[in-house]
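Each remark here refers to the structure printed beneath this line.
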Amino acid sequence: MSVPLKRLSAAVFVAVLVGCTAPAPRPETEADDGSAAEDQISRLATGGFTFQQSVMVPGDPETAFDGFTRVQEWWDHTFSGDPGSLHLDARPGGGFWEIFDDEGNGVLHATVIAVHRGRLLRFDGPLGLSGNALKMVHTIEFEASGDSTRVTATVRGAGELQDGWPGAVERAWAHFLEERYRPFMEGRLQN
């Protein structure tokens, strides 16, 4: 009895997939004294969190969006303390960069994954927790409310989480929205 080629191909694919995902045997390593070395893997504490914060700013949603993307004028958490430039390229695939100096040294804080001017800005990145196995998605929504705009930040994080990180991230966003971004927007409309 012959097996149709299509069914055989699917069976081979599944067998290869299972074989590729099965854990490979770990080779033993020897210490200087000839005994097997201890496992050097450290386990990370992992988990997830989410929160949402809103702030009212003067102006229409497009003005609020444009002001938000001008991070060099109001964002104050940086790795260098005094970056040569700090900018957010608000287009899909754009970045939120901190450039330290004229030589181009710096850090990519996040990558923009969705944009709709005056409605939504979403970026994916660890911001100040760069270098850790943590994925954070930051969604900023802009909604008209009379002659003002409600700006809502929703943050979702998952991965490596040390004690206190979720609270620190939430406090940092409260600082950005309430103490930096809103006064910046209020000052822009007064000038």
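By order of appearance in the structure tokens: chains A, B, ..., then residues from 1 within every chain, and ligands from 1 in the order shown.
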All residues 7 Å or closer to range 41-57 of chain A, only C-alpha atoms, same chain fewer than 5 positions away omitted, as a list in words: Ser148, Thr149, Arg150, Val151, Thr152, Ala153, Thr154, Val155, Arg156, Gly157, Ala158, Gly159, Glu160, Leu161, Gln162, Pro166, Leu177, Glu178, Arg182, Met185 and Glu186 of chain A
May I have the residues from that selection written out with all heavy atoms, as a compact mmCIF listing (two decimals), in the first residue's frame?
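In the end it all went to out26.txt:
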```txt
# COMPACT_ATOMS: atom_id res chain seq x y z
N SER A 148 -9.77 70.01 24.89
CA SER A 148 -8.58 69.32 25.42
C SER A 148 -8.51 67.92 24.83
O SER A 148 -9.38 67.50 24.08
CB SER A 148 -8.65 69.24 26.94
OG SER A 148 -8.65 70.52 27.52
N THR A 149 -7.47 67.21 25.22
CA THR A 149 -7.27 65.83 24.79
C THR A 149 -6.92 64.96 25.98
O THR A 149 -6.05 65.33 26.78
CB THR A 149 -6.14 65.73 23.74
OG1 THR A 149 -6.51 66.50 22.59
CG2 THR A 149 -5.88 64.29 23.31
N ARG A 150 -7.61 63.83 26.09
CA ARG A 150 -7.24 62.83 27.09
C ARG A 150 -6.17 61.94 26.46
O ARG A 150 -6.39 61.33 25.41
CB ARG A 150 -8.43 61.98 27.50
CG ARG A 150 -8.05 60.85 28.50
CD ARG A 150 -9.23 60.01 28.93
NE ARG A 150 -10.31 60.82 29.48
CZ ARG A 150 -10.33 61.37 30.71
NH1 ARG A 150 -9.31 61.16 31.51
NH2 ARG A 150 -11.35 62.08 31.11
N VAL A 151 -5.03 61.89 27.12
CA VAL A 151 -3.92 61.05 26.66
C VAL A 151 -3.80 59.89 27.65
O VAL A 151 -3.60 60.12 28.84
CB VAL A 151 -2.60 61.86 26.59
CG1 VAL A 151 -1.45 60.98 26.13
CG2 VAL A 151 -2.77 63.07 25.67
N THR A 152 -3.95 58.69 27.14
CA THR A 152 -3.93 57.49 27.98
C THR A 152 -2.77 56.60 27.59
O THR A 152 -2.62 56.23 26.43
CB THR A 152 -5.25 56.71 27.85
OG1 THR A 152 -6.33 57.58 28.21
CG2 THR A 152 -5.26 55.48 28.74
N ALA A 153 -1.95 56.28 28.57
CA ALA A 153 -0.83 55.35 28.38
C ALA A 153 -1.20 54.01 28.99
O ALA A 153 -1.57 53.94 30.17
CB ALA A 153 0.43 55.90 29.03
N THR A 154 -1.12 52.95 28.19
CA THR A 154 -1.32 51.60 28.67
C THR A 154 -0.01 50.86 28.47
O THR A 154 0.54 50.85 27.37
CB THR A 154 -2.44 50.88 27.88
OG1 THR A 154 -3.64 51.64 27.99
CG2 THR A 154 -2.67 49.48 28.42
N VAL A 155 0.50 50.28 29.54
CA VAL A 155 1.79 49.59 29.49
C VAL A 155 1.55 48.13 29.87
O VAL A 155 0.88 47.83 30.86
CB VAL A 155 2.81 50.23 30.45
CG1 VAL A 155 4.14 49.47 30.42
CG2 VAL A 155 3.02 51.70 30.07
N ARG A 156 2.12 47.24 29.05
CA ARG A 156 2.08 45.80 29.32
C ARG A 156 3.51 45.29 29.28
O ARG A 156 4.23 45.53 28.31
CB ARG A 156 1.24 45.08 28.27
CG ARG A 156 -0.24 45.39 28.37
CD ARG A 156 -1.04 44.68 27.28
NE ARG A 156 -2.45 44.80 27.50
CZ ARG A 156 -3.19 45.85 27.12
NH1 ARG A 156 -2.61 46.86 26.49
NH2 ARG A 156 -4.49 45.88 27.37
N GLY A 157 3.90 44.60 30.33
CA GLY A 157 5.26 44.08 30.40
C GLY A 157 5.25 42.60 30.74
O GLY A 157 4.39 42.14 31.49
N ALA A 158 6.20 41.87 30.18
CA ALA A 158 6.33 40.45 30.48
C ALA A 158 7.78 40.04 30.31
O ALA A 158 8.48 40.55 29.45
CB ALA A 158 5.44 39.62 29.56
N GLY A 159 8.20 39.11 31.16
CA GLY A 159 9.56 38.59 31.07
C GLY A 159 10.25 38.67 32.42
O GLY A 159 9.63 38.45 33.46
N GLU A 160 11.52 39.02 32.39
CA GLU A 160 12.33 39.11 33.61
C GLU A 160 11.82 40.27 34.47
O GLU A 160 11.80 41.41 34.03
CB GLU A 160 13.79 39.36 33.23
CG GLU A 160 14.71 39.58 34.40
CD GLU A 160 16.13 39.94 33.98
OE1 GLU A 160 16.41 40.01 32.76
OE2 GLU A 160 16.95 40.14 34.88
N LEU A 161 11.40 39.95 35.67
CA LEU A 161 10.87 40.98 36.58
C LEU A 161 11.49 40.82 37.95
O LEU A 161 11.28 39.82 38.62
CB LEU A 161 9.35 40.87 36.72
CG LEU A 161 8.52 41.35 35.55
CD1 LEU A 161 7.03 41.15 35.86
CD2 LEU A 161 8.79 42.81 35.25
N GLN A 162 12.23 41.81 38.36
CA GLN A 162 12.75 41.83 39.72
C GLN A 162 11.74 42.55 40.60
O GLN A 162 10.92 43.34 40.12
CB GLN A 162 14.10 42.52 39.76
CG GLN A 162 15.17 41.74 39.01
CD GLN A 162 16.54 42.38 39.12
OE1 GLN A 162 16.79 43.23 39.98
NE2 GLN A 162 17.44 41.98 38.25
N PRO A 166 7.71 46.58 38.40
CA PRO A 166 6.41 47.08 37.92
C PRO A 166 6.02 48.42 38.56
O PRO A 166 5.59 49.34 37.86
CB PRO A 166 5.43 45.96 38.30
CG PRO A 166 6.27 44.72 38.29
CD PRO A 166 7.59 45.18 38.86
N LEU A 177 3.96 61.68 32.44
CA LEU A 177 2.68 62.28 32.02
C LEU A 177 2.30 63.50 32.84
O LEU A 177 1.95 64.55 32.28
CB LEU A 177 1.56 61.24 32.10
CG LEU A 177 1.67 60.07 31.11
CD1 LEU A 177 0.58 59.04 31.40
CD2 LEU A 177 1.59 60.55 29.67
N GLU A 178 2.35 63.39 34.16
CA GLU A 178 1.87 64.46 35.04
C GLU A 178 2.88 65.59 35.23
O GLU A 178 2.50 66.76 35.24
CB GLU A 178 1.50 63.89 36.42
CG GLU A 178 0.30 62.99 36.41
CD GLU A 178 -1.01 63.75 36.24
OE1 GLU A 178 -1.06 64.97 36.48
OE2 GLU A 178 -1.99 63.11 35.84
N ARG A 182 2.42 67.01 30.55
CA ARG A 182 1.33 67.98 30.70
C ARG A 182 1.85 69.41 30.85
O ARG A 182 1.39 70.30 30.13
CB ARG A 182 0.42 67.60 31.86
CG ARG A 182 -0.75 68.61 31.94
CD ARG A 182 -1.82 68.23 32.90
NE ARG A 182 -1.29 68.02 34.23
CZ ARG A 182 -2.02 67.61 35.23
NH1 ARG A 182 -3.30 67.34 35.06
NH2 ARG A 182 -1.49 67.46 36.42
N MET A 185 2.98 70.66 27.48
CA MET A 185 1.87 71.00 26.59
C MET A 185 1.19 72.30 27.03
O MET A 185 0.82 73.13 26.20
CB MET A 185 0.85 69.86 26.53
CG MET A 185 1.35 68.61 25.82
SD MET A 185 1.88 68.92 24.11
CE MET A 185 0.32 69.42 23.37
N GLU A 186 1.02 72.49 28.32
CA GLU A 186 0.42 73.74 28.81
C GLU A 186 1.31 74.93 28.47
O GLU A 186 0.81 75.98 28.05
CB GLU A 186 0.19 73.65 30.33
CG GLU A 186 -0.89 72.67 30.69
CD GLU A 186 -0.97 72.36 32.18
OE1 GLU A 186 -0.04 72.75 32.93
OE2 GLU A 186 -1.95 71.71 32.58
```
Residues within 12 Å of Pro61 in chain A, only C-alpha atoms, excluding chain neighbours under 3 positions, as a list in words: Met56, Val57, Pro58, Ala64, Phe65, Asp66, Gly67, Phe68, His116, Arg117, Gly118, Arg119, Leu120, Leu121, Ile140, Glu141, Phe142, Glu143, Ala144, Ser145, Gly146, Asp147, Ser148, Thr149, Arg150, Val151, Thr152 and Met185 of chain A
Interatomic distance, CA of Val115 in chain A to CA of Arg91 in chain A (Å, one decimal): 6.0 Å
Nearest candidate to Glu98 in chain A (options A:Gly125, A:Thr139, A:Thr111, A:Thr78; using only C-alpha atoms): A:Thr78
Distance in Å - CA of Phe96 in chain A versus CA of Gly164 in chain A: 24.5 Å
Neighbour list for Val107 in chain A as a list in words, cut-off 9 Å, only C-alpha atoms, skip fewer than 4 positions in-chain: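 In the requested form, the answer reads Phe79, Phe96, Trp97, Glu98, Ile99, Phe100 and Ser130 of chain A.
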For CA of Gly104 in chain A and CA of Gly84 in chain A, the interatomic separation in Å (one decimal):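 The value is 9.1 Å.
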Top pick for closest residue to Leu108 in chain A, considering A:Leu86, A:Val169, A:Val137, A:Val71 and counting only C-alpha atoms: A:Leu86
Which of range 17-180 of chain A DSSP labels strand (DSSP E or B), written as a PyMOL selection string: chain A and resi 30+36+46-58+85-88+95-99+106-116+120-124+134-145+148-160
Alpha helix (DSSP H) residues, from DSSP on the backbone, in range 25-147 of chain A, as a list in words: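 Alpha helix (DSSP H) assignments inside range 25-147 of chain A correspond to Pro61, Glu62, Thr63, Ala64, Phe65, Asp66, Gly67 and Phe68 of chain A.
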